[in-house]
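Source file upload15.txt; content: compact mmCIF, C-alpha atoms.
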# COMPACT_ATOMS: atom_id res chain seq x y z
CA MET A 261 -79.68 -16.23 49.24
CA SER A 262 -79.00 -16.43 45.56
CA ASP A 263 -76.31 -18.60 43.83
CA THR A 264 -76.14 -16.22 40.91
CA ILE A 265 -72.55 -15.14 39.95
CA GLY A 266 -72.06 -11.87 38.12
CA PHE A 267 -69.33 -10.91 35.62
CA ASP A 268 -67.84 -8.22 37.87
CA PRO A 269 -64.72 -9.86 39.43
CA ARG A 270 -65.02 -7.56 42.43
CA THR A 271 -68.15 -9.42 43.54
CA TRP A 272 -66.49 -12.87 43.44
CA ALA A 273 -65.04 -12.66 46.99
CA VAL A 274 -67.29 -14.51 49.45
CA PRO A 275 -67.90 -12.62 52.77
CA SER A 276 -66.87 -14.46 55.90
CA PRO A 277 -69.96 -16.07 57.48
CA GLU A 278 -71.11 -15.18 61.00
CA PRO A 279 -70.03 -17.67 63.69
CA GLY A 280 -72.48 -20.46 64.17
CA PRO A 281 -73.52 -23.75 62.71
CA VAL A 282 -73.92 -23.98 58.98
CA PRO A 283 -76.87 -26.03 57.69
CA GLU A 284 -75.80 -29.08 55.75
CA SER A 285 -77.81 -28.00 52.71
CA ALA A 286 -76.17 -24.57 52.72
CA ALA A 287 -72.68 -26.06 52.97
CA MET A 288 -73.42 -28.37 50.08
CA ALA A 289 -74.72 -25.47 48.05
CA THR A 290 -71.62 -23.41 48.78
CA GLY A 291 -69.37 -26.31 47.78
CA ARG A 292 -71.27 -26.75 44.57
CA SER A 293 -70.89 -23.02 43.80
CA ARG A 294 -67.12 -23.13 44.33
CA ARG A 295 -66.75 -26.27 42.27
CA TRP A 296 -68.77 -24.63 39.49
CA ILE A 297 -66.44 -21.62 39.48
CA LEU A 298 -63.34 -23.82 39.17
CA SER A 299 -64.77 -26.20 36.57
CA GLY A 300 -63.77 -26.10 32.90
CA GLY A 301 -67.30 -25.39 31.71
CA ALA A 302 -67.55 -22.19 33.68
CA GLY A 303 -64.21 -21.06 32.21
CA LEU A 304 -66.00 -20.36 28.93
CA PHE A 305 -67.78 -17.51 30.66
CA ILE A 306 -65.22 -16.16 33.13
CA ALA A 307 -61.72 -16.78 31.59
CA THR A 308 -61.63 -13.56 29.55
CA PRO A 309 -62.72 -11.20 32.37
CA ILE A 310 -60.21 -12.81 34.78
CA VAL A 311 -57.24 -12.42 32.38
CA ALA A 312 -58.17 -8.83 31.56
CA TRP A 313 -58.60 -7.93 35.20
CA LEU A 314 -55.37 -9.57 36.44
CA GLY A 315 -53.32 -8.15 33.51
CA ARG A 316 -53.97 -4.50 34.42
CA ASP A 317 -51.06 -2.43 35.76
CA ARG A 318 -52.15 -1.55 39.25
CA LYS A 319 -50.57 -0.34 42.46
CA VAL A 320 -50.29 -2.67 45.44
CA THR A 321 -53.15 -2.10 47.89
CA ALA A 322 -54.08 -3.63 51.21
CA PRO A 323 -57.54 -5.05 52.09
CA SER A 324 -59.92 -2.36 53.28
CA PRO A 325 -61.35 -2.80 56.79
CA SER A 326 -64.75 -1.84 55.41
CA GLN A 327 -64.59 -4.74 52.98
CA PRO A 328 -63.73 -7.84 55.03
CA GLY A 329 -62.31 -10.71 53.00
CA ARG A 330 -61.70 -8.57 49.88
CA ALA A 331 -58.55 -9.97 48.15
CA ALA A 332 -55.60 -7.58 47.71
CA SER A 333 -54.39 -7.04 44.12
CA ILE A 334 -50.62 -7.55 43.63
CA ARG A 335 -48.55 -6.02 40.82
CA ALA A 336 -45.43 -7.87 39.60
CA VAL A 337 -42.99 -5.13 38.52
CA PRO A 338 -39.36 -5.95 37.61
CA ASP A 339 -36.96 -4.31 40.03
CA VAL A 340 -34.34 -3.54 37.37
CA VAL A 341 -34.48 -3.24 33.58
CA GLU A 342 -31.63 -2.79 31.11
CA ARG A 343 -31.72 -0.61 28.03
CA SER A 344 -28.94 -0.71 25.42
CA ALA A 345 -27.98 1.24 22.32
CA GLN A 346 -25.28 1.34 19.65
CA LEU A 347 -24.13 4.92 19.01
CA ASP A 348 -22.10 6.06 16.03
CA ASP A 349 -20.74 9.00 18.04
CA VAL A 350 -20.04 9.46 21.75
CA ARG A 351 -21.60 12.93 21.52
CA ARG A 352 -25.02 11.29 21.33
CA LEU A 353 -24.66 9.66 24.77
CA GLU A 354 -26.55 12.27 26.80
CA ALA A 355 -29.47 12.43 24.38
CA THR A 356 -29.66 8.63 24.33
CA LEU A 357 -29.78 8.43 28.14
CA LEU A 358 -32.61 10.97 28.18
CA ALA A 359 -34.52 8.90 25.60
CA GLN A 360 -34.02 5.80 27.76
CA GLY A 361 -35.70 7.47 30.74
CA VAL A 362 -32.76 8.84 32.75
CA GLY A 363 -33.44 12.20 34.38
CA ARG A 364 -31.95 15.27 32.77
CA ASP A 365 -29.53 16.17 35.58
CA GLU A 366 -28.42 12.56 36.01
CA ALA A 367 -27.95 12.07 32.26
CA ALA A 368 -25.68 15.13 32.15
CA LEU A 369 -23.70 13.92 35.18
CA LEU A 370 -23.22 10.42 33.75
CA THR A 371 -22.12 11.80 30.39
CA ARG A 372 -19.53 14.08 31.99
CA ALA A 373 -18.18 11.12 34.01
CA ALA A 374 -17.98 8.77 30.99
CA LEU A 375 -16.45 11.05 28.33
CA PRO A 376 -12.90 11.19 29.79
CA HIS A 377 -12.72 7.40 29.32
CA LEU A 378 -13.79 7.71 25.65
CA ALA A 379 -11.32 10.29 24.38
CA GLY A 380 -11.16 10.62 20.63
CA GLY A 381 -14.85 10.15 19.87
CA GLY A 382 -16.20 7.46 17.59
CA ALA A 383 -18.77 4.68 17.89
CA ILE A 384 -19.66 3.18 21.28
CA SER A 385 -21.95 0.61 22.90
CA GLU A 386 -24.05 1.73 25.86
CA THR A 387 -26.10 -0.17 28.46
CA VAL A 388 -27.93 1.51 31.35
CA SER A 389 -29.60 -0.34 34.24
CA LEU A 390 -32.72 1.32 35.65
CA ARG A 391 -34.72 0.60 38.80
CA LEU A 392 -38.43 1.34 38.57
CA VAL A 393 -39.62 3.08 41.74
CA ARG A 394 -43.22 3.06 43.03
CA ASP A 395 -44.33 6.18 41.17
CA GLY A 396 -43.23 4.55 37.87
CA SER A 397 -40.22 6.79 37.28
CA PRO A 398 -36.86 5.08 36.53
CA GLU A 399 -33.75 5.57 38.62
CA ALA A 400 -30.33 4.87 37.03
CA LEU A 401 -28.22 2.29 38.90
CA ARG A 402 -25.41 1.43 36.48
CA LEU A 403 -24.03 2.61 33.12
CA GLN A 404 -21.53 0.76 30.94
CA VAL A 405 -20.05 2.51 27.93
CA SER A 406 -17.42 0.84 25.74
CA ARG A 407 -15.74 0.93 22.37
CA ALA A 408 -15.40 -1.97 19.94
CA ASP A 409 -12.10 -2.93 21.61
CA SER A 410 -13.91 -3.24 25.00
CA SER A 411 -12.21 -0.16 26.50
CA GLY A 412 -14.47 2.26 28.34
CA VAL A 413 -15.96 2.66 31.81
CA VAL A 414 -18.60 1.29 34.19
CA LEU A 415 -20.38 3.83 36.43
CA THR A 416 -22.21 2.43 39.47
CA ARG A 417 -24.47 4.31 41.87
CA ASP A 418 -22.66 4.64 45.21
CA ASP A 419 -23.75 7.16 47.83
CA ARG A 420 -20.26 7.03 49.38
CA ALA A 421 -18.57 8.11 46.14
CA ARG A 422 -18.10 11.63 44.87
CA ALA A 423 -21.24 12.88 43.13
CA GLY A 424 -22.88 9.58 44.09
CA TRP A 425 -21.23 7.47 41.38
CA ALA A 426 -18.21 5.15 41.41
CA SER A 427 -16.26 4.56 38.19
CA SER A 428 -14.38 1.44 37.05
CA PRO A 429 -12.33 1.80 33.83
CA LEU A 430 -12.54 -1.03 31.28
CA ALA A 431 -9.25 -2.16 29.76
CA ARG A 432 -8.79 -2.69 26.04
CA THR A 433 -9.31 -6.41 25.47
CA LEU A 434 -8.80 -7.92 22.03
CA GLU A 435 -7.86 -11.39 20.89
CA ARG A 436 -7.50 -13.16 17.56
CA ARG A 437 -9.47 -16.27 16.75
CA LEU A 438 -9.23 -18.54 13.75
CA VAL A 439 -12.49 -19.35 12.01
CA ALA A 440 -12.78 -21.87 9.18
CA ALA A 441 -15.46 -23.11 6.81
CA ARG A 442 -15.73 -25.65 3.99
CA GLY A 443 -18.11 -25.78 1.09
CA GLU A 444 -18.85 -27.12 -2.37
CA MET A 445 -19.17 -25.22 -5.60
CA ASN A 446 -22.70 -24.88 -6.91
CA ASP A 447 -23.78 -24.22 -10.49
CA ASP A 448 -23.78 -20.47 -9.96
CA SER A 449 -20.51 -18.90 -8.79
CA LEU A 450 -17.74 -18.97 -6.20
CA TYR A 451 -19.37 -16.01 -4.47
CA SER A 452 -22.76 -17.65 -3.93
CA SER A 453 -21.11 -20.98 -3.05
CA ALA A 454 -18.96 -19.36 -0.36
CA VAL A 455 -21.80 -17.31 1.12
CA THR A 456 -23.95 -20.46 1.28
CA ALA A 457 -21.13 -22.17 3.22
CA GLY A 458 -21.21 -19.35 5.79
CA ILE A 459 -18.00 -17.65 4.67
CA ASP A 460 -17.63 -13.90 5.20
CA GLU A 461 -18.08 -12.29 1.80
CA THR A 462 -15.10 -9.98 2.37
CA LEU A 463 -12.80 -13.04 2.12
CA ILE A 464 -13.93 -14.14 -1.34
CA PRO A 465 -11.79 -11.74 -3.47
CA ALA A 466 -8.66 -12.68 -1.48
CA PHE A 467 -9.48 -16.37 -1.93
CA ALA A 468 -9.80 -16.01 -5.70
CA GLN A 469 -6.59 -13.96 -5.83
CA ALA A 470 -4.69 -16.69 -3.94
CA PHE A 471 -5.30 -19.11 -6.84
CA VAL A 472 -4.73 -16.68 -9.70
CA PHE A 473 -1.69 -18.73 -10.85
CA ASP A 474 -3.27 -22.15 -10.33
CA PHE A 475 -6.94 -22.15 -11.37
CA ASP A 476 -9.02 -20.59 -14.07
CA PHE A 477 -12.30 -20.04 -12.25
CA GLN A 478 -14.24 -19.70 -15.50
CA ARG A 479 -13.07 -22.91 -17.18
CA GLU A 480 -11.55 -25.29 -14.62
CA ILE A 481 -14.04 -25.08 -11.74
CA HIS A 482 -17.22 -27.16 -11.66
CA ALA A 483 -20.13 -27.91 -9.34
CA GLY A 484 -19.09 -30.27 -6.57
CA ASP A 485 -15.50 -29.02 -6.32
CA VAL A 486 -14.53 -28.50 -2.68
CA PHE A 487 -13.04 -25.37 -1.12
CA GLU A 488 -11.98 -24.32 2.37
CA MET A 489 -11.10 -20.97 3.87
CA ALA A 490 -9.57 -20.20 7.27
CA ALA A 491 -9.28 -16.64 8.53
CA GLU A 492 -8.18 -14.82 11.65
CA GLN A 493 -10.78 -12.57 13.23
CA THR A 494 -10.14 -10.03 15.98
CA VAL A 495 -12.83 -10.10 18.71
CA ASN A 496 -13.41 -8.04 21.84
CA ALA A 497 -14.15 -9.17 25.40
CA SER A 498 -17.77 -9.91 24.46
CA GLY A 499 -16.75 -12.06 21.51
CA ALA A 500 -17.99 -9.50 18.97
CA ALA A 501 -15.97 -9.13 15.76
CA VAL A 502 -13.74 -6.08 15.46
CA GLY A 503 -12.76 -5.16 11.91
CA SER A 504 -12.65 -7.53 8.96
CA PRO A 505 -11.22 -11.07 9.03
CA ALA A 506 -7.85 -11.79 7.37
CA LEU A 507 -7.57 -14.86 5.14
CA LEU A 508 -4.70 -17.15 6.24
CA TYR A 509 -5.48 -20.46 4.50
CA ALA A 510 -7.15 -21.40 1.23
CA SER A 511 -7.61 -24.77 -0.41
CA PHE A 512 -9.34 -25.90 -3.58
CA THR A 513 -9.87 -29.44 -4.83
CA THR A 514 -11.15 -30.35 -8.29
CA ALA A 515 -11.25 -33.63 -10.18
CA GLU A 516 -7.89 -32.76 -11.80
CA LYS A 517 -5.85 -31.17 -9.01
CA ALA A 518 -5.77 -29.89 -5.45
CA ARG A 519 -3.98 -26.93 -3.93
CA ALA A 520 -3.62 -25.81 -0.29
CA LEU A 521 -2.04 -22.40 0.33
CA TYR A 522 -0.88 -20.44 3.38
CA ARG A 523 -0.52 -16.68 3.80
CA PHE A 524 2.94 -15.72 5.05
CA ALA A 525 5.15 -12.61 5.17
CA PRO A 526 8.92 -13.28 4.85
CA GLN A 527 11.30 -11.19 6.94
CA GLY A 528 11.29 -7.70 5.48
CA GLY A 529 8.96 -8.75 2.63
CA LYS A 530 5.31 -8.45 1.72
CA PRO A 531 2.74 -11.16 2.59
CA GLY A 532 2.24 -13.77 -0.13
CA TRP A 533 0.78 -17.22 -0.74
CA PHE A 534 2.90 -20.35 -0.32
CA ASP A 535 2.20 -24.06 -0.66
CA GLY A 536 2.78 -26.48 2.21
CA ALA A 537 6.45 -26.85 1.32
CA GLY A 538 7.08 -23.11 1.49
CA ARG A 539 7.21 -22.50 -2.26
CA SER A 540 5.66 -19.28 -3.56
CA THR A 541 2.61 -19.50 -5.83
CA VAL A 542 3.86 -16.57 -7.89
CA ARG A 543 4.77 -17.52 -11.46
CA SER A 544 6.08 -15.43 -14.29
CA PHE A 545 2.55 -14.84 -15.57
CA MET A 546 -1.00 -14.86 -14.22
CA ARG A 547 -3.46 -17.25 -15.83
CA THR A 548 -5.74 -14.42 -16.96
CA PRO A 549 -5.30 -10.61 -16.86
CA VAL A 550 -8.97 -9.97 -15.92
CA ASP A 551 -11.24 -11.32 -13.18
CA GLY A 552 -14.31 -13.43 -13.90
CA ALA A 553 -13.81 -13.44 -17.66
CA ARG A 554 -15.45 -15.77 -20.19
CA VAL A 555 -13.35 -16.87 -23.17
CA SER A 556 -15.24 -15.83 -26.29
CA SER A 557 -12.56 -16.74 -28.82
CA ARG A 558 -9.47 -18.94 -28.44
CA PHE A 559 -5.99 -18.88 -29.94
CA GLY A 560 -5.57 -20.37 -33.45
CA LEU A 561 -7.10 -20.34 -36.91
CA ARG A 562 -10.68 -19.07 -37.15
CA VAL A 563 -13.12 -17.35 -39.47
CA HIS A 564 -12.78 -13.69 -38.53
CA PRO A 565 -16.15 -12.36 -37.35
CA VAL A 566 -15.69 -9.02 -39.12
CA GLN A 567 -13.46 -9.76 -42.13
CA GLY A 568 -15.19 -13.05 -42.92
CA PHE A 569 -12.20 -15.19 -43.92
CA VAL A 570 -9.97 -17.70 -42.13
CA LYS A 571 -7.26 -15.93 -40.22
CA MET A 572 -4.85 -16.67 -37.41
CA HIS A 573 -6.18 -15.43 -34.09
CA LYS A 574 -3.00 -14.54 -32.25
CA GLY A 575 -4.48 -14.29 -28.78
CA VAL A 576 -7.49 -15.00 -26.59
CA ASP A 577 -10.63 -12.86 -26.32
CA PHE A 578 -12.17 -12.43 -22.86
CA ALA A 579 -15.78 -11.25 -22.89
CA VAL A 580 -16.05 -8.68 -20.10
CA PRO A 581 -18.19 -5.58 -19.54
CA MET A 582 -16.91 -2.14 -20.48
CA GLY A 583 -14.62 -0.72 -17.82
CA THR A 584 -13.45 -4.04 -16.33
CA PRO A 585 -10.01 -3.67 -14.67
CA VAL A 586 -7.14 -5.14 -16.70
CA TYR A 587 -4.02 -6.28 -14.81
CA ALA A 588 -0.43 -6.74 -15.88
CA ALA A 589 0.00 -10.51 -16.32
CA GLY A 590 3.64 -10.17 -15.22
CA SER A 591 6.12 -7.56 -14.09
CA GLY A 592 7.63 -5.61 -16.97
CA VAL A 593 8.04 -2.30 -18.77
CA VAL A 594 5.52 -0.49 -21.01
CA THR A 595 6.83 -0.39 -24.58
CA ALA A 596 3.63 0.95 -26.18
CA ALA A 597 0.46 2.67 -24.98
CA ARG A 598 -1.29 4.09 -28.04
CA PHE A 599 -4.41 4.06 -30.19
CA THR A 600 -4.63 1.75 -33.24
CA GLU A 601 -7.28 1.74 -35.96
CA SER A 602 -8.11 -1.96 -35.75
CA GLY A 603 -7.50 -2.65 -32.06
CA GLY A 604 -8.39 0.63 -30.40
CA ASN A 605 -6.23 1.51 -27.41
CA MET A 606 -3.36 -0.99 -27.22
CA LEU A 607 -0.91 -1.65 -24.40
CA ILE A 608 2.30 -3.70 -24.82
CA LEU A 609 4.46 -4.87 -21.91
CA ARG A 610 7.98 -6.32 -22.21
CA HIS A 611 8.93 -8.99 -19.66
CA ASP A 612 12.04 -11.01 -18.83
CA LYS A 613 13.30 -13.98 -20.88
CA GLY A 614 11.91 -12.76 -24.21
CA TYR A 615 8.24 -12.56 -23.23
CA GLU A 616 5.84 -9.81 -24.28
CA THR A 617 2.11 -9.35 -23.52
CA ARG A 618 -0.38 -7.26 -25.50
CA TYR A 619 -3.79 -5.88 -24.44
CA LEU A 620 -6.19 -4.47 -27.07
CA HIS A 621 -9.62 -2.78 -27.41
CA LEU A 622 -9.05 -0.90 -24.13
CA GLU A 623 -11.37 1.86 -22.97
CA ARG A 624 -8.46 3.75 -21.41
CA PHE A 625 -5.04 3.26 -19.84
CA GLY A 626 -4.42 3.21 -16.12
CA GLN A 627 -3.11 6.22 -14.23
CA GLY A 628 0.58 6.84 -14.94
CA ILE A 629 0.77 4.24 -17.72
CA ALA A 630 3.02 5.51 -20.50
CA GLU A 631 5.92 4.26 -22.61
CA GLY A 632 8.89 3.42 -20.38
CA THR A 633 6.80 2.95 -17.20
CA ALA A 634 7.69 -0.07 -15.05
CA VAL A 635 4.70 -2.11 -13.84
CA ALA A 636 4.35 -4.88 -11.27
CA GLN A 637 2.56 -8.17 -11.77
CA GLY A 638 -1.11 -7.79 -10.84
CA GLN A 639 -1.03 -3.99 -11.14
CA GLN A 640 -4.09 -2.47 -12.81
CA VAL A 641 -2.88 -1.04 -16.12
CA ALA A 642 -6.10 -0.34 -18.04
CA LEU A 643 -9.87 -0.72 -18.34
CA SER A 644 -11.42 -2.98 -20.97
CA GLY A 645 -13.45 -1.46 -23.76
CA ASN A 646 -14.79 -1.88 -27.30
CA GLY A 647 -12.46 0.25 -29.41
CA GLY A 648 -11.18 -0.33 -32.93
CA HIS A 649 -13.04 -1.19 -36.13
CA LEU A 650 -12.36 -4.95 -35.73
CA SER A 651 -14.09 -5.16 -32.35
CA THR A 652 -17.45 -6.97 -32.27
CA GLY A 653 -18.41 -6.02 -28.71
CA PRO A 654 -16.97 -5.25 -25.27
CA HIS A 655 -14.03 -7.55 -24.60
CA LEU A 656 -10.29 -7.77 -23.99
CA HIS A 657 -7.98 -9.21 -26.64
CA TYR A 658 -4.91 -10.64 -24.89
CA GLU A 659 -1.73 -11.92 -26.56
CA VAL A 660 1.50 -13.51 -25.30
CA HIS A 661 4.63 -13.44 -27.50
CA LEU A 662 7.88 -15.34 -26.92
CA ASN A 663 10.90 -14.10 -28.88
CA GLY A 664 8.56 -12.33 -31.30
CA GLU A 665 6.23 -15.32 -31.96
CA PRO A 666 2.64 -15.48 -30.62
CA ILE A 667 1.85 -18.43 -28.32
CA ASP A 668 -1.38 -19.66 -26.75
CA PRO A 669 -1.88 -17.74 -23.46
CA LEU A 670 -4.07 -20.51 -22.03
CA ALA A 671 -1.39 -23.14 -22.65
CA LEU A 672 1.41 -21.08 -21.15
CA HIS A 673 3.47 -23.01 -18.59
CA THR A 674 6.05 -21.19 -16.50
CA GLU A 675 8.46 -22.35 -13.84
CA ASP A 676 7.38 -23.05 -10.25
CA GLY A 677 7.56 -20.29 -7.68
CA GLN A 678 10.63 -19.75 -5.57
CA ALA A 679 11.11 -21.57 -2.26
CA LEU A 680 11.62 -19.68 1.00
CA PRO A 681 15.23 -19.65 2.26
CA GLY A 682 16.54 -20.87 5.67
CA ALA A 683 15.19 -18.65 8.47
CA ASP A 684 12.07 -17.67 6.51
CA LEU A 685 11.32 -21.33 5.77
CA ALA A 686 11.56 -22.21 9.48
CA ALA A 687 9.25 -19.33 10.38
CA PHE A 688 6.84 -20.38 7.63
CA ARG A 689 6.68 -23.94 8.96
CA ARG A 690 5.79 -22.67 12.44
CA GLU A 691 3.03 -20.50 11.01
CA ARG A 692 1.77 -23.34 8.80
CA ASP A 693 1.60 -25.70 11.79
CA ARG A 694 -0.16 -23.07 13.92
CA ILE A 695 -2.82 -22.61 11.26
CA ASP A 696 -3.28 -26.35 10.80
CA VAL A 697 -3.68 -26.95 14.56
CA ALA A 698 -6.25 -24.15 14.79
CA ARG A 699 -8.11 -25.53 11.76
CA ALA A 700 -8.23 -29.00 13.33
CA ALA A 701 -9.50 -27.58 16.65
CA HIS A 702 -12.18 -25.56 14.85
CA ALA A 703 -13.33 -28.67 12.97
CA GLY A 704 -13.71 -30.44 16.32
What does the file become when written as structure tokens?
Amino acid sequence: MSDTIGFDPRTWAVPSPEPGPVPESAAMATGRSRRWILSGGAGLFIATPIVAWLGRDRKVTAPSPSQPGRAASIRAVPDVVERSAQLDDVRRLEATLLAQGVGRDEAALLTRAALPHLAGGGAISETVSLRLVRDGSPEALRLQVSRADSSGVVLTRDDRARAGWASSPLARTLERRLVAARGEMNDDSLYSSAVTAGIDETLIPAFAQAFVFDFDFQREIHAGDVFEMAAEQTVNASGAAVGSPALLYASFTTAEKARALYRFAPQGGKPGWFDGAGRSTVRSFMRTPVDGARVSSRFGLRVHPVQGFVKMHKGVDFAVPMGTPVYAAGSGVVTAARFTESGGNMLILRHDKGYETRYLHLERFGQGIAEGTAVAQGQQVALSGNGGHLSTGPHLHYEVHLNGEPIDPLALHTEDGQALPGADLAAFRRERDRIDVARAAHAG
């Protein structure tokens, strides 16, 4: 007989020998053949055909009586598979089940059973478990459909139940978790520094707003300064975030000063920022009436860029793009909102204790802004522009007057914010301590 081995795997099975003694030389030859098949050298020739042959998707068959010793091929098929989808509308459920392999009648039945638990429509999460039967067709075993708040239903195949499916409603399950992160300022911006530290970008505007009375982010912040943010995030039963996080704590430390602030709402009042002692951060005036501005010209004597001679510059120029929101630096009343030849559109606000603020070169006034209108601190009152014949480019000219005399807006110092009274102060301290304990636990 020949020792030659072909490349057809079907010929590799060795027929059972007839009963009787086996010559020693034949046994040795057979042993050598088997060792040759299992050796590494032979693998160079047979490894590829074996992998290709064993990797085919085949049905399970039994050895044929006409082929004694022929090895049966076995297919490893998972009993159950799961297929999931995120749907922006519950009305897409039936079509999604069909696309996932559920039969048409069963997809319609499951959809009818699930919809009463998802009243009101909206986005949902869906997971269907399928069992693959021998002919390759899937059979649905379980369907879970839920909203972001974890409410919904689980449908399970049950021959004893009506229509063959048992339903288990899912209760609304939400909890609030505090998440915190620290970082250092880079040479770019607060935004990129915070994102690099893993902070949700939706928190960054609120963080900057918390320090509007304490820091000038264009002139007082430098690379290496340290910041921390702590926010409360609502999560569902799976731990997935629901909605946007709410900033509760903000701290900033520079070489010159450090501030740590807590968000708190007094009884019957609006939420605000308070230091650790319960004193409000709100001052009479904001540090700057525009966000992210660069000072292009300071208060004091200067050579006027248009007129060409030394002249008193009665305010500060902030270089900002056209259409940048301009905010009221303090609460007050509009005393002028008109066009001027040299300054373009000009807005003047009168405040308490003899203060007045002026905003020039505006593109336009805010909605409802007119003489006699009362405005609140931080309210958008205009958009910056480039109007007036003395303007050299898009910017905001900002002035502060005290009893009729101009003063340097960047050197303006106002009194500290008000402290919380009795019951509010006690409630604030409890909230402050809760936040601090959660921050410490998050830090490990």
Hey, could you make a per-residue contact list for range 529-613 of chain A against range 686-689 of chain A with 12 Å as the cut-off, showing the nearest pair of atoms and its distance in Å to one decimal, counting only C-alpha atoms, sorted by chain and number, as CSV?
residue,atom,partner,partner_atom,distance
A:Pro531,CA,A:Phe688,CA,11.3
A:Gly532,CA,A:Phe688,CA,11.2
A:Trp533,CA,A:Phe688,CA,10.8
A:Phe534,CA,A:Phe688,CA,8.9
A:Asp535,CA,A:Phe688,CA,10.2
A:Gly536,CA,A:Arg689,CA,8.2
A:Ala537,CA,A:Arg689,CA,8.2
A:Gly538,CA,A:Phe688,CA,6.7
A:Arg539,CA,A:Phe688,CA,10.1
A:Ser540,CA,A:Phe688,CA,11.3
Neighbour residues at most 10 Å from (-22.6, 8.4, 23.5) (only C-alpha atoms) as an NGL selection string: :A and (345-357 or 371 or 374-375 or 378 or 381-386 or 405-406)
Extract, using all atoms listed in the file, all DNA, RNA and protein residues at most 6 Å from range 652-663 of chain A, discarding same-chain residues fewer than 6 positions from it, and format them as a ChimeraX atom specification. /A:575-582,614-620,644-646,669
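The coordinates place CA of Gln639 in chain A at 24.6 Å from CA of Phe512 in chain A.
CA of Gln678 in chain A to CA of Val542 in chain A spans 7.8 Å [interatomic distance, one decimal].
You will find CA of Phe477 in chain A at 18.9 Å from CA of Thr674 in chain A.
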So which residues fall inside 9 Å of (-11.2, -12.0, 1.5) if we count all atoms listed in the file? Mind giving them as a PDB file with C-alpha atoms, keeping the file's coordinate frame?
ATOM      1  CA  ASP A 460     -17.630 -13.900   5.200  1.00  0.00           C
ATOM      2  CA  GLU A 461     -18.080 -12.290   1.800  1.00  0.00           C
ATOM      3  CA  THR A 462     -15.100  -9.980   2.370  1.00  0.00           C
ATOM      4  CA  LEU A 463     -12.800 -13.040   2.120  1.00  0.00           C
ATOM      5  CA  ILE A 464     -13.930 -14.140  -1.340  1.00  0.00           C
ATOM      6  CA  PRO A 465     -11.790 -11.740  -3.470  1.00  0.00           C
ATOM      7  CA  ALA A 466      -8.660 -12.680  -1.480  1.00  0.00           C
ATOM      8  CA  PHE A 467      -9.480 -16.370  -1.930  1.00  0.00           C
ATOM      9  CA  ALA A 468      -9.800 -16.010  -5.700  1.00  0.00           C
ATOM     10  CA  GLN A 469      -6.590 -13.960  -5.830  1.00  0.00           C
ATOM     11  CA  ALA A 491      -9.280 -16.640   8.530  1.00  0.00           C
ATOM     12  CA  SER A 504     -12.650  -7.530   8.960  1.00  0.00           C
ATOM     13  CA  PRO A 505     -11.220 -11.070   9.030  1.00  0.00           C
ATOM     14  CA  ALA A 506      -7.850 -11.790   7.370  1.00  0.00           C
ATOM     15  CA  LEU A 507      -7.570 -14.860   5.140  1.00  0.00           C
TER      16      LEU A 507
END
